[in-house]
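Participant: This is the structure I want to talk about, given as structure tokens.
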Amino acid sequence: MSAAAIRETWLVFHHTTRISLRHKVGLLVAAVQPLFFLVLFGPIFATFGDWETLVPGLIVQLGLLSAGLAGFGIVFDWRSGVLERQRVTPASRLALLLGRVLNNAFTLVIQTVLLVAAAYALGLRAPLAGVLAAMVLVVVLGVSLAALSYAAALTLDEYLFAPVMTTAVVPLMLLSGAFLPMSMAPGWLEALSRVSPFRHVLEAMRELFAGHYWNATVATGLAVVVVFTAVSLVIGARVFHRENA
Amino acid sequence: MLTTKGLGKTFKSGVEAVRGVDLHVDEGEIVGFLGPNGAGKTTTMRMLTTLLTPTSGSATVAGHDLLTDPRAIRRRVGYVSQHGGLSPASPAGEELELHAMLYGLPRPAARARVAEVLARLELTGLESTPGAALSGGQQRRFDIAFGLVHDPVLLFLDEPTTGLDPQSRANLWSHVRALREGGTTVFLTTHYLDEADALCDRIVIIDHGVVAAEGTPSQLKSGGRTLDQAFLDITGRSLREEVPA
Ligand SMILES: Nc1ncnc2c1ncn2[C@@H]1O[C@H](COP(=O)(O)OP(=O)(O)OP(=O)(O)O)[C@@H](O)[C@H]1O
Ligand SMILES: [Mg+2]
């Protein structure tokens, strides 16, 4: 990336983040579902499992519902002509994508902090260092999910995007083992879930929340999320470069 | 300033929107691009502003080759699209500042330039108004501000006055004329013959994706016919009626 493209990415990030922070209700909306799970399902889960297992699952759920549905924002920008207007400037098209995607990742971090804070109040006892390390995974996960979401939004028929995406997040959530660890699943389901990158990221987060900072699970999770992000960004950038996008 | 040779665009759907257009615009001219709905005006403009890749022909825009150096063109031209590019929810002034910075201006220079352009278009004081809360005429002038904020040598205006009341139209005309006095070349589309007559040095009529006629307003009106009659004679239909299927 050139220096100009980095500057443009920063400008778009700064601008879109200023808008997100102004709409505080919008920030909360995506976090509401995981908070419901935390408050209304967490106490049941805590009778046989622990909060350090549940909360990373809710973070993945949050990622899917927040960054995973970020495509709605690009649909607005596309419909209002903002995207086309920015595409006639000399700014790098990758920067127009990355700046937005980083805003979605930043938004996800704020929402995650809220969720984790609420979880501490209810009984979570994860070490701070583990939570901070997990945040790195959250940022990378947010970037990849948002990039994929944009690609889907700009590819699918605009009336299909909402039903397709809101439906797609449900199996992705369940297969990651967000609510119940996949070790409890029958063989075929367990095998299927291994295909999902979210499962590996989630298991890495659970290790970090348990205070295990470096082992094979963490390394796998990290490797999976890096590859997944690279692939997502390539797909997102391709769609952003396409004409009519 | 602008030369095209056999410029054409066939969409993937098979629609031949533009079928070999030859255009020439000199520096400092205001040229009107007239044609009925679906004639190919917007498609031509989107090719000339690098948003669409032509499927045939070539063009030189603002001194650069369209096919090999699109980014240099983006730096030097401004584009105001038919439907505008205001964000409905965020302050128009902030959007404009970001837009200026995407052209490479540092923030202080962008601010100064935004203030200057807004003053010129009589929009001062509306910086913090979101796009959706501006009147139609104000929105259109903001759209033009986006096209002008980097001081382009060539400005493309796609139907700048459609939907405006007569007073706002006349007001916009005076802004366009002022641009020419400042040395900017203007290429605009319109459905209004009186507009082309009042504003343009030359008129190019496009129909079914090809140039049907061109000349100064007085050349086209030769033989005592009105521009409306000339248009009807050339295209076999009237400008403002929808084409029957
Ligand atoms: N993205 C696209 N994909 C497929 N066909 C398109 C696309 N954009 C335009 N067309 C078709 O190309 C033709 C020319 O459209 P264009 O928008 O250039 O016309 P126009 O002269 O600007 O019309 P109007 O006066 O209504 O704005 C039309 O038949 C239109 O349906
Ligand atoms: Mg048009």
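Residue names in the structure tokens use chain letters A, B, ... in the order shown, residue numbers from 1 in each chain, and ligand numbers from 1 in the order shown.
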Quick one: pick out all strand (DSSP E or B) residues within segment 34-242 of chain B from a backbone DSSP run and write them as a PyMOL selection string.

Facilitator: chain B and resi 34+56-61+64-65+77-80+91+130+154-158+185-190+202-207+210-215

Participant: How close does each residue of chain A get to chain B, giving the shortest atom pair and distance in Å to one decimal for every residue with an atom at most 9 Å away, counting only C-alpha atoms, sorted by chain and residue number, as a Markdown table?

Facilitator:
| residue | atom | partner | partner_atom | distance |
| --- | --- | --- | --- | --- |
| A:Ala4 | CA | B:Gly104 | CA | 8.1 |
| A:Arg7 | CA | B:Leu102 | CA | 8.9 |
| A:Glu8 | CA | B:Leu102 | CA | 6.3 |
| A:Leu11 | CA | B:Leu98 | CA | 7.0 |
| A:Val12 | CA | B:Leu98 | CA | 7.6 |
| A:His15 | CA | B:Leu98 | CA | 7.2 |
| A:Ile19 | CA | B:Ser90 | CA | 7.0 |
| A:Phe76 | CA | B:Ser87 | CA | 8.7 |
| A:Asp77 | CA | B:Ser87 | CA | 7.3 |
| A:Arg79 | CA | B:Gly85 | CA | 8.9 |
| A:Ser80 | CA | B:Gly85 | CA | 5.8 |
| A:Gly81 | CA | B:Gly85 | CA | 4.1 |
| A:Val82 | CA | B:Gly85 | CA | 4.6 |
| A:Leu83 | CA | B:Gly85 | CA | 7.8 |
| A:Glu84 | CA | B:Gly85 | CA | 7.4 |
| A:Arg85 | CA | B:Gly85 | CA | 5.7 |
| A:Gln86 | CA | B:His99 | CA | 7.0 |
| A:Arg87 | CA | B:Leu51 | CA | 7.3 |
| A:Val88 | CA | B:Arg74 | CA | 5.8 |
| A:Thr89 | CA | B:Arg74 | CA | 5.5 |
| A:Pro90 | CA | B:Arg74 | CA | 5.3 |
| A:Ala91 | CA | B:Leu102 | CA | 5.6 |
| A:Glu243 | CA | B:Leu52 | CA | 5.8 |
| A:Asn244 | CA | B:Leu52 | CA | 7.3 |

Participant: Residues within 10 Å of ligand 1 (only C-alpha atoms and all ligand atoms), as a PyMOL selection string?

Facilitator: (chain A and resi 243-245) or (chain B and resi 9-18+33-47+52+82-83+158-159+189-191+206-209+239-240+242)

Participant: If we count only C-alpha atoms and set the cut-off at 10 Å, which residues sit around segment 176-178 of chain A, ignoring sequence neighbours fewer than 6 positions away in its own chain? Please answer as an MDAnalysis selection string.

Facilitator: chainID A and resid 53:61 184:185 190 192:203

Participant: As a ChimeraX atom specification, please: every residue in segment 212-242 of chain A that a backbone DSSP assignment puts in alpha helix (DSSP H).

Facilitator: /A:216-241

Participant: How would the residues just picked look written out with N, CA, C and O atoms as an mmCIF file, in the first residue's frame?

Facilitator:
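selection25.cif, written as the output of this step:
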data_model
loop_
_atom_site.group_PDB
_atom_site.id
_atom_site.type_symbol
_atom_site.label_atom_id
_atom_site.label_comp_id
_atom_site.auth_asym_id
_atom_site.auth_seq_id
_atom_site.Cartn_x
_atom_site.Cartn_y
_atom_site.Cartn_z
ATOM 1 N N ALA A 216 -1.489 -25.127 21.154
ATOM 2 C CA ALA A 216 -1.837 -25.461 19.773
ATOM 3 C C ALA A 216 -3.177 -24.839 19.369
ATOM 4 O O ALA A 216 -3.349 -24.365 18.246
ATOM 5 N N THR A 217 -4.136 -24.798 20.293
ATOM 6 C CA THR A 217 -5.453 -24.244 19.967
ATOM 7 C C THR A 217 -5.350 -22.752 19.650
ATOM 8 O O THR A 217 -5.946 -22.264 18.681
ATOM 9 N N VAL A 218 -4.585 -22.032 20.450
ATOM 10 C CA VAL A 218 -4.416 -20.593 20.210
ATOM 11 C C VAL A 218 -3.709 -20.375 18.870
ATOM 12 O O VAL A 218 -4.124 -19.538 18.061
ATOM 13 N N ALA A 219 -2.667 -21.168 18.636
ATOM 14 C CA ALA A 219 -1.908 -21.013 17.389
ATOM 15 C C ALA A 219 -2.799 -21.306 16.181
ATOM 16 O O ALA A 219 -2.783 -20.564 15.191
ATOM 17 N N THR A 220 -3.617 -22.371 16.279
ATOM 18 C CA THR A 220 -4.515 -22.700 15.170
ATOM 19 C C THR A 220 -5.506 -21.567 14.934
ATOM 20 O O THR A 220 -5.727 -21.134 13.801
ATOM 21 N N GLY A 221 -6.092 -21.089 16.017
ATOM 22 C CA GLY A 221 -7.067 -20.008 15.900
ATOM 23 C C GLY A 221 -6.465 -18.794 15.222
ATOM 24 O O GLY A 221 -7.067 -18.187 14.325
ATOM 25 N N LEU A 222 -5.254 -18.462 15.638
ATOM 26 C CA LEU A 222 -4.580 -17.297 15.079
ATOM 27 C C LEU A 222 -4.299 -17.500 13.581
ATOM 28 O O LEU A 222 -4.577 -16.617 12.761
ATOM 29 N N ALA A 223 -3.796 -18.684 13.250
ATOM 30 C CA ALA A 223 -3.482 -18.967 11.845
ATOM 31 C C ALA A 223 -4.756 -18.916 10.998
ATOM 32 O O ALA A 223 -4.782 -18.310 9.919
ATOM 33 N N VAL A 224 -5.825 -19.521 11.511
ATOM 34 C CA VAL A 224 -7.078 -19.548 10.757
ATOM 35 C C VAL A 224 -7.587 -18.125 10.524
ATOM 36 O O VAL A 224 -7.992 -17.758 9.418
ATOM 37 N N VAL A 225 -7.538 -17.307 11.555
ATOM 38 C CA VAL A 225 -8.103 -15.966 11.422
ATOM 39 C C VAL A 225 -7.270 -15.118 10.465
ATOM 40 O O VAL A 225 -7.795 -14.311 9.692
ATOM 41 N N VAL A 226 -5.956 -15.337 10.448
ATOM 42 C CA VAL A 226 -5.106 -14.564 9.534
ATOM 43 C C VAL A 226 -5.404 -14.957 8.076
ATOM 44 O O VAL A 226 -5.599 -14.098 7.214
ATOM 45 N N VAL A 227 -5.490 -16.257 7.822
ATOM 46 C CA VAL A 227 -5.776 -16.717 6.461
ATOM 47 C C VAL A 227 -7.179 -16.258 6.028
ATOM 48 O O VAL A 227 -7.383 -15.731 4.934
ATOM 49 N N PHE A 228 -8.124 -16.442 6.942
ATOM 50 C CA PHE A 228 -9.510 -16.057 6.652
ATOM 51 C C PHE A 228 -9.597 -14.561 6.314
ATOM 52 O O PHE A 228 -10.295 -14.154 5.378
ATOM 53 N N THR A 229 -8.867 -13.753 7.063
ATOM 54 C CA THR A 229 -8.897 -12.313 6.821
ATOM 55 C C THR A 229 -8.272 -11.969 5.473
ATOM 56 O O THR A 229 -8.814 -11.139 4.723
ATOM 57 N N ALA A 230 -7.155 -12.611 5.170
ATOM 58 C CA ALA A 230 -6.504 -12.334 3.883
ATOM 59 C C ALA A 230 -7.459 -12.671 2.732
ATOM 60 O O ALA A 230 -7.650 -11.866 1.818
ATOM 61 N N VAL A 231 -8.090 -13.838 2.819
ATOM 62 C CA VAL A 231 -9.018 -14.250 1.757
ATOM 63 C C VAL A 231 -10.190 -13.265 1.664
ATOM 64 O O VAL A 231 -10.574 -12.816 0.576
ATOM 65 N N SER A 232 -10.747 -12.898 2.827
ATOM 66 C CA SER A 232 -11.889 -11.972 2.831
ATOM 67 C C SER A 232 -11.528 -10.634 2.212
ATOM 68 O O SER A 232 -12.312 -10.045 1.467
ATOM 69 N N LEU A 233 -10.327 -10.139 2.540
ATOM 70 C CA LEU A 233 -9.933 -8.838 2.001
ATOM 71 C C LEU A 233 -9.732 -8.902 0.491
ATOM 72 O O LEU A 233 -10.090 -7.958 -0.223
ATOM 73 N N VAL A 234 -9.189 -10.005 0.012
ATOM 74 C CA VAL A 234 -9.009 -10.139 -1.437
ATOM 75 C C VAL A 234 -10.379 -10.138 -2.121
ATOM 76 O O VAL A 234 -10.600 -9.430 -3.108
ATOM 77 N N ILE A 235 -11.317 -10.899 -1.540
ATOM 78 C CA ILE A 235 -12.665 -10.934 -2.131
ATOM 79 C C ILE A 235 -13.298 -9.542 -2.085
ATOM 80 O O ILE A 235 -13.839 -9.044 -3.079
ATOM 81 N N GLY A 236 -13.209 -8.894 -0.926
ATOM 82 C CA GLY A 236 -13.790 -7.554 -0.776
ATOM 83 C C GLY A 236 -13.182 -6.568 -1.766
ATOM 84 O O GLY A 236 -13.885 -5.801 -2.419
ATOM 85 N N ALA A 237 -11.853 -6.608 -1.893
ATOM 86 C CA ALA A 237 -11.176 -5.662 -2.782
ATOM 87 C C ALA A 237 -11.579 -5.903 -4.231
ATOM 88 O O ALA A 237 -11.791 -4.955 -4.991
ATOM 89 N N ARG A 238 -11.714 -7.167 -4.589
ATOM 90 C CA ARG A 238 -12.142 -7.473 -5.965
ATOM 91 C C ARG A 238 -13.505 -6.883 -6.260
ATOM 92 O O ARG A 238 -13.726 -6.276 -7.300
ATOM 93 N N VAL A 239 -14.414 -7.074 -5.341
ATOM 94 C CA VAL A 239 -15.765 -6.563 -5.554
ATOM 95 C C VAL A 239 -15.742 -5.031 -5.598
ATOM 96 O O VAL A 239 -16.419 -4.419 -6.416
ATOM 97 N N PHE A 240 -14.906 -4.418 -4.750
ATOM 98 C CA PHE A 240 -14.843 -2.955 -4.732
ATOM 99 C C PHE A 240 -14.231 -2.395 -6.013
ATOM 100 O O PHE A 240 -14.514 -1.268 -6.389
ATOM 101 N N HIS A 241 -13.366 -3.169 -6.642
ATOM 102 C CA HIS A 241 -12.738 -2.687 -7.868
ATOM 103 C C HIS A 241 -13.632 -2.859 -9.087
ATOM 104 O O HIS A 241 -13.443 -2.212 -10.099
#

Participant: Suppose you want the space between atom CA of Leu67 of chain B and atom CA of Arg100 of chain A; what is it in Å?

Facilitator: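 It comes out at 28.1 Å.
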
Participant: Residues within 10 Å of Phe37 of chain A, please, as a PyMOL selection string. Count only C-alpha atoms; anything in the same chain fewer than 2 positions from it doesn't count.

Facilitator: chain A and resi 32-35+39-43+45+54-55+58+61+179

Participant: If we count only C-alpha atoms and set the cut-off at 12 Å, which residues sit around segment 226-232 of chain B, ignoring sequence neighbours fewer than 2 positions away in its own chain? Please answer as a ChimeraX atom specification.

Facilitator: /B:34-36,191-198,203-207,212-224,234-241

Participant: Find the residues near Val131 of chain A: any atom within 12 Å, counting only C-alpha atoms, skip ones fewer than 3 places away on the same chain, and give them as a ChimeraX atom specification.

Facilitator: /A:52,55-56,59,109,112-113,115-117,119-120,124-128,134-138,204-213

Participant: May I have the residues within 12 Å of Trp10 of chain A as a PyMOL selection string, using only C-alpha atoms and disregarding those fewer than 6 positions away in the same chain?

Facilitator: (chain A and resi 3-4+16-18+91-92+94-103) or (chain B and resi 98+101-102)

Participant: Emit the selected residues as an mmCIF file, in the first residue's frame, including N, CA and C atoms.

Facilitator:
data_model
loop_
_atom_site.group_PDB
_atom_site.id
_atom_site.type_symbol
_atom_site.label_atom_id
_atom_site.label_comp_id
_atom_site.auth_asym_id
_atom_site.auth_seq_id
_atom_site.Cartn_x
_atom_site.Cartn_y
_atom_site.Cartn_z
ATOM 1 N N ALA A 3 1.778 5.343 0.510
ATOM 2 C CA ALA A 3 1.521 6.290 1.605
ATOM 3 C C ALA A 3 0.183 6.998 1.387
ATOM 4 N N ALA A 4 -0.120 7.310 0.128
ATOM 5 C CA ALA A 4 -1.386 7.991 -0.165
ATOM 6 C C ALA A 4 -2.568 7.103 0.219
ATOM 7 N N THR A 16 -15.951 7.778 8.969
ATOM 8 C CA THR A 16 -17.040 6.835 9.249
ATOM 9 C C THR A 16 -17.151 6.557 10.749
ATOM 10 N N THR A 17 -16.014 6.585 11.452
ATOM 11 C CA THR A 17 -16.059 6.339 12.892
ATOM 12 C C THR A 17 -16.736 7.496 13.612
ATOM 13 N N ARG A 18 -16.446 8.707 13.146
ATOM 14 C CA ARG A 18 -17.105 9.866 13.736
ATOM 15 C C ARG A 18 -18.630 9.720 13.606
ATOM 16 N N ALA A 91 -8.771 8.658 -4.975
ATOM 17 C CA ALA A 91 -8.494 7.793 -3.830
ATOM 18 C C ALA A 91 -8.487 6.322 -4.241
ATOM 19 N N SER A 92 -7.609 5.566 -3.617
ATOM 20 C CA SER A 92 -7.526 4.134 -3.889
ATOM 21 C C SER A 92 -8.835 3.465 -3.486
ATOM 22 N N LEU A 94 -9.199 0.404 -2.725
ATOM 23 C CA LEU A 94 -8.915 -0.447 -1.579
ATOM 24 C C LEU A 94 -9.030 0.375 -0.292
ATOM 25 N N ALA A 95 -8.583 1.635 -0.353
ATOM 26 C CA ALA A 95 -8.658 2.501 0.829
ATOM 27 C C ALA A 95 -10.118 2.805 1.180
ATOM 28 N N LEU A 96 -10.954 2.994 0.156
ATOM 29 C CA LEU A 96 -12.373 3.262 0.424
ATOM 30 C C LEU A 96 -13.006 2.073 1.141
ATOM 31 N N LEU A 97 -12.526 0.863 0.815
ATOM 32 C CA LEU A 97 -13.019 -0.347 1.486
ATOM 33 C C LEU A 97 -12.414 -0.482 2.885
ATOM 34 N N LEU A 98 -11.084 -0.383 2.964
ATOM 35 C CA LEU A 98 -10.404 -0.627 4.241
ATOM 36 C C LEU A 98 -10.813 0.358 5.329
ATOM 37 N N GLY A 99 -10.972 1.623 4.956
ATOM 38 C CA GLY A 99 -11.362 2.633 5.942
ATOM 39 C C GLY A 99 -12.696 2.275 6.578
ATOM 40 N N ARG A 100 -13.629 1.809 5.738
ATOM 41 C CA ARG A 100 -14.950 1.421 6.254
ATOM 42 C C ARG A 100 -14.854 0.165 7.113
ATOM 43 N N VAL A 101 -14.080 -0.795 6.621
ATOM 44 C CA VAL A 101 -13.962 -2.071 7.307
ATOM 45 C C VAL A 101 -13.317 -1.881 8.689
ATOM 46 N N LEU A 102 -12.329 -0.999 8.756
ATOM 47 C CA LEU A 102 -11.690 -0.733 10.051
ATOM 48 C C LEU A 102 -12.668 -0.055 11.007
ATOM 49 N N ASN A 103 -13.538 0.768 10.461
ATOM 50 C CA ASN A 103 -14.570 1.363 11.307
ATOM 51 C C ASN A 103 -15.465 0.276 11.889
ATOM 52 N N LEU B 98 -14.272 15.703 3.673
ATOM 53 C CA LEU B 98 -13.634 14.406 3.382
ATOM 54 C C LEU B 98 -13.371 14.276 1.881
ATOM 55 N N MET B 101 -10.420 16.115 0.852
ATOM 56 C CA MET B 101 -9.189 15.486 1.321
ATOM 57 C C MET B 101 -8.855 14.225 0.520
ATOM 58 N N LEU B 102 -9.877 13.564 -0.005
ATOM 59 C CA LEU B 102 -9.607 12.402 -0.856
ATOM 60 C C LEU B 102 -8.931 12.828 -2.163
#
